[in-house]
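Below is one structure; the comments refer to it alone.
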Amino acid sequence: MEQNNFDIKKIKVHRTTEATVFEIVFVLIALIVWGVIIWLVHRAPDIIPTHFDASGKPNAYGPPAGITIPCALLTIGAIVCISCAYFPQRINLPFKIRNIRQVELAIRSLRVTGITFLLLPLATAYTMLGMSSPSVVPILAVIGLILVESVLFSIIIYKSK
């Protein structure tokens with residue numbers, strides 16, 4: 001039975017065991033990712049390609065530490081994503097949320113996506129510093145994974161009653 005008077009604006013998210021587990025996993029993965037990024041920066045040559053043209057040839061060069069800026073911004077994006085789970089009234093889906101189960105799934109979706117988003121700075125650093133011949137494949141693979149997660153969670157949330 002559908003609840004016609006459901007109001008997502010009245011939902012307040014409290015800390016749960018699930019939330020704590022997701023946040024601990026998030027922090028652990030972030031530490032591992034940044035450990036690998038720092039390791040890659042320290043083992044890289046003094047000058048690396050920092051930008052590539054459409055054919056994949058480098059057209060700008062710089063120090064390897066410069067890669068930490070986009071990686072930090074991507075990590076901040078992951079933090080924002082996982083933090084948004086505490087504000088379900090701001091969740092934007094292509095359909096109206098009709099019940100509390102859909103809210104729970106939408107919150108879980110944000111947490112999973114936040115953790116997956118942490119792989120983006122790792123893929124970026126690996127592409128720029130870890131590969132002998134840089135390729136966008138690792139970055140595109142992570143973006144594809146995030147898109148697949150989003151579509152699958154949207155379908156699951158939509159069908160949830």
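Going through the structure tokens in order, the chains are called A, B, and so on, while each chain numbers its residues from 1 and the ligands are numbered from 1 in the order shown.
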Pro138 of chain A environment, 8 Å, only C-alpha atoms, sequence neighbours closer than 5 positions dropped, as a CSV table (one decimal) with C-alpha atoms, in the first residue's frame:
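Output (result37.csv):
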chain,number,residue,atom,x,y,z
A,123,ALA,CA,42.8,6.0,-10.8
A,124,THR,CA,43.9,9.6,-11.7
A,126,TYR,CA,47.9,5.8,-11.3
A,127,THR,CA,47.1,7.1,-14.8
Pick out the residues sitting within 12 Å of Asn92 of chain A, and hand them over as a PDB file with C-alpha atoms, in the first residue's frame; count only C-alpha atoms, and ignore anything fewer than 3 positions along from it in its own chain.
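File out-v2.pdb, as written:
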ATOM      1  CA  ILE A   8      10.786  13.285   3.063  1.00  0.00           C
ATOM      2  CA  CYS A  84      24.973  13.889   1.870  1.00  0.00           C
ATOM      3  CA  ALA A  85      23.533  10.673   3.301  1.00  0.00           C
ATOM      4  CA  PHE A  87      20.437  15.063   4.317  1.00  0.00           C
ATOM      5  CA  PRO A  88      17.889  12.835   2.528  1.00  0.00           C
ATOM      6  CA  GLN A  89      15.642  15.790   1.690  1.00  0.00           C
ATOM      7  CA  PHE A  95      11.121  10.001  -9.410  1.00  0.00           C
ATOM      8  CA  LYS A  96       9.360  10.907  -6.166  1.00  0.00           C
ATOM      9  CA  ILE A  97      10.401   9.018  -3.050  1.00  0.00           C
ATOM     10  CA  VAL A 103      14.892   6.725   1.721  1.00  0.00           C
ATOM     11  CA  ALA A 106      18.882   6.186  -1.334  1.00  0.00           C
ATOM     12  CA  ILE A 107      21.048   6.813   1.735  1.00  0.00           C
ATOM     13  CA  SER A 109      23.346   4.425  -2.450  1.00  0.00           C
ATOM     14  CA  LEU A 110      25.077   7.675  -1.472  1.00  0.00           C
ATOM     15  CA  SER A 150      23.732   4.906  -9.891  1.00  0.00           C
ATOM     16  CA  SER A 154      17.872   4.026  -9.005  1.00  0.00           C
TER      17      SER A 154
END
For Ile32 of chain A: contacts at 12 Å, only C-alpha atoms, fewer than 5 positions along chain excluded, given as a short mmCIF file (atom, residue, chain, number, x, y, z; two decimals) with N, CA, C and O atoms, in the first residue's frame:
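Below is the file that was written, part.cif:
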data_model
loop_
_atom_site.label_atom_id
_atom_site.label_comp_id
_atom_site.auth_asym_id
_atom_site.auth_seq_id
_atom_site.Cartn_x
_atom_site.Cartn_y
_atom_site.Cartn_z
N VAL A 25 34.90 2.17 6.81
CA VAL A 25 35.42 1.64 5.55
C VAL A 25 35.89 2.80 4.66
O VAL A 25 36.96 2.73 4.04
N PHE A 26 35.12 3.86 4.62
CA PHE A 26 35.48 5.04 3.83
C PHE A 26 36.83 5.59 4.27
O PHE A 26 37.71 5.86 3.44
N VAL A 27 37.02 5.78 5.56
CA VAL A 27 38.28 6.32 6.08
C VAL A 27 39.44 5.38 5.78
O VAL A 27 40.51 5.82 5.36
N ILE A 37 48.86 7.14 -3.42
CA ILE A 37 49.11 8.38 -4.16
C ILE A 37 50.45 8.98 -3.74
O ILE A 37 51.27 9.37 -4.58
N ILE A 38 50.69 9.07 -2.44
CA ILE A 38 51.95 9.64 -1.94
C ILE A 38 53.14 8.79 -2.40
O ILE A 38 54.17 9.32 -2.81
N TRP A 39 52.97 7.46 -2.35
CA TRP A 39 54.04 6.57 -2.82
C TRP A 39 54.32 6.80 -4.30
O TRP A 39 55.48 6.86 -4.71
N LEU A 118 36.01 7.33 -4.14
CA LEU A 118 37.40 7.38 -3.65
C LEU A 118 38.37 6.72 -4.62
O LEU A 118 39.58 6.99 -4.57
N LEU A 119 37.88 5.85 -5.47
CA LEU A 119 38.75 5.19 -6.44
C LEU A 119 39.17 6.13 -7.56
O LEU A 119 40.16 5.88 -8.25
N PRO A 121 40.41 9.38 -7.40
CA PRO A 121 41.75 9.96 -7.23
C PRO A 121 42.86 8.92 -7.40
O PRO A 121 43.93 9.22 -7.94
N LEU A 122 42.60 7.69 -6.98
CA LEU A 122 43.59 6.63 -7.16
C LEU A 122 43.81 6.35 -8.65
O LEU A 122 44.95 6.25 -9.11
#
Please identify every residue of segment 17-74 of chain A that has at least one atom no farther than 10 Å from an atom of segment 79-82 of chain A, counting only C-alpha atoms, and for each give the shortest atom pair and the distance in Å to one decimal, arranged by chain then increasing number, as CSV.
residue,atom,partner,partner_atom,distance
A:Ala19,CA,A:Ile82,CA,9.7
A:Phe22,CA,A:Ile82,CA,8.8
A:Glu23,CA,A:Ile82,CA,8.0
A:Phe26,CA,A:Ile82,CA,8.5
A:Val27,CA,A:Ile79,CA,9.6
A:Ala30,CA,A:Ile79,CA,9.7
A:Leu73,CA,A:Ile79,CA,9.8
A:Leu74,CA,A:Ile79,CA,8.8
So, counting only C-alpha atoms, which residue among A:Val148, A:Ile91, A:Ala65, A:Ile29 is closest to Ile115 of chain A?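 The shortest atom-to-atom distance to Ile115 of chain A comes from A:Ile29.
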Under the rule that only C-alpha atoms are counted, which of A:Ser133, A:Asn59, A:Ser160, A:Thr50 is the nearest residue to Arg98 of chain A?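 Distance minimum relative to Arg98 of chain A lands on A:Ser160.
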What parts of chain A does DSSP call alpha helix (DSSP H)? I'd like the answer as a VMD selection string. chain A and resid 17 to 43 68 to 83 100 to 117 119 to 125 137 to 159
Kindly save the residues from that selection, with C-alpha atoms included, as a short mmCIF file (atom, residue, chain, number, x, y, z; two decimals), in the first residue's frame.
data_model
loop_
_atom_site.label_atom_id
_atom_site.label_comp_id
_atom_site.auth_asym_id
_atom_site.auth_seq_id
_atom_site.Cartn_x
_atom_site.Cartn_y
_atom_site.Cartn_z
CA THR A 17 25.73 0.77 12.99
CA GLU A 18 25.53 0.61 9.19
CA ALA A 19 26.47 4.28 8.90
CA THR A 20 29.42 3.80 11.23
CA VAL A 21 30.65 0.77 9.27
CA PHE A 22 30.40 2.68 5.97
CA GLU A 23 32.29 5.63 7.45
CA ILE A 24 35.05 3.43 8.91
CA VAL A 25 35.42 1.64 5.55
CA PHE A 26 35.48 5.04 3.83
CA VAL A 27 38.28 6.32 6.08
CA LEU A 28 40.31 3.12 5.69
CA ILE A 29 40.01 3.20 1.90
CA ALA A 30 40.87 6.93 1.87
CA LEU A 31 44.02 6.24 3.91
CA ILE A 32 45.04 3.42 1.57
CA VAL A 33 44.31 5.51 -1.53
CA TRP A 34 46.32 8.46 -0.23
CA GLY A 35 49.15 6.17 0.87
CA VAL A 36 49.38 4.85 -2.69
CA ILE A 37 49.11 8.38 -4.16
CA ILE A 38 51.95 9.64 -1.94
CA TRP A 39 54.04 6.57 -2.82
CA LEU A 40 53.44 7.17 -6.54
CA VAL A 41 54.38 10.85 -6.20
CA HIS A 42 57.64 10.01 -4.42
CA ARG A 43 58.73 7.41 -6.96
CA THR A 68 47.77 15.88 -5.58
CA ILE A 69 45.55 18.93 -6.23
CA PRO A 70 43.01 17.18 -8.50
CA CYS A 71 43.24 14.07 -6.28
CA ALA A 72 42.45 16.20 -3.21
CA LEU A 73 39.47 17.78 -4.99
CA LEU A 74 38.16 14.35 -5.98
CA THR A 75 38.57 13.16 -2.38
CA ILE A 76 36.60 16.18 -1.17
CA GLY A 77 33.88 15.20 -3.67
CA ALA A 78 33.79 11.71 -2.15
CA ILE A 79 33.52 13.20 1.35
CA VAL A 80 30.63 15.41 0.22
CA CYS A 81 28.91 12.40 -1.37
CA ILE A 82 29.09 10.26 1.76
CA SER A 83 28.10 13.24 3.95
CA ILE A 100 10.90 5.12 4.16
CA ARG A 101 12.41 2.04 2.46
CA GLN A 102 13.25 4.16 -0.57
CA VAL A 103 14.89 6.73 1.72
CA GLU A 104 17.00 3.98 3.33
CA LEU A 105 18.11 2.68 -0.06
CA ALA A 106 18.88 6.19 -1.33
CA ILE A 107 21.05 6.81 1.74
CA ARG A 108 22.85 3.50 1.21
CA SER A 109 23.35 4.43 -2.45
CA LEU A 110 25.08 7.67 -1.47
CA ARG A 111 27.38 5.84 0.91
CA VAL A 112 28.34 3.20 -1.65
CA THR A 113 28.89 5.85 -4.32
CA GLY A 114 31.01 7.91 -1.91
CA ILE A 115 33.27 4.92 -1.31
CA THR A 116 33.49 4.14 -5.03
CA PHE A 117 34.22 7.81 -5.74
CA LEU A 119 38.75 5.19 -6.44
CA LEU A 120 38.75 8.16 -8.81
CA PRO A 121 41.75 9.96 -7.23
CA LEU A 122 43.59 6.63 -7.16
CA ALA A 123 42.83 6.02 -10.85
CA THR A 124 43.93 9.57 -11.66
CA ALA A 125 47.24 9.23 -9.81
CA VAL A 137 41.13 3.48 -19.12
CA PRO A 138 41.45 3.38 -15.27
CA ILE A 139 39.59 6.70 -14.93
CA LEU A 140 36.87 5.67 -17.37
CA ALA A 141 36.50 2.31 -15.59
CA VAL A 142 35.81 4.04 -12.25
CA ILE A 143 33.41 6.54 -13.84
CA GLY A 144 31.63 3.62 -15.53
CA LEU A 145 31.36 1.80 -12.20
CA ILE A 146 29.85 4.90 -10.57
CA LEU A 147 27.33 5.22 -13.41
CA VAL A 148 26.37 1.53 -13.22
CA GLU A 149 25.91 1.83 -9.44
CA SER A 150 23.73 4.91 -9.89
CA VAL A 151 21.50 3.27 -12.48
CA LEU A 152 21.16 0.01 -10.53
CA PHE A 153 20.41 1.77 -7.25
CA SER A 154 17.87 4.03 -9.01
CA ILE A 155 16.06 0.98 -10.35
CA ILE A 156 16.15 -0.78 -6.97
CA ILE A 157 14.93 2.36 -5.17
CA TYR A 158 12.15 2.93 -7.71
CA LYS A 159 10.88 -0.65 -7.37
#
Atom CA of Ala54 of chain A to atom CA of Ile67 of chain A, distance in Å rounded to a single decimal: 19.7 Å
Counting only C-alpha atoms, figure out which residue out of A:Gly56, A:Tyr86, A:Pro49, A:Pro134 gets nearest to Arg15 of chain A. A:Tyr86
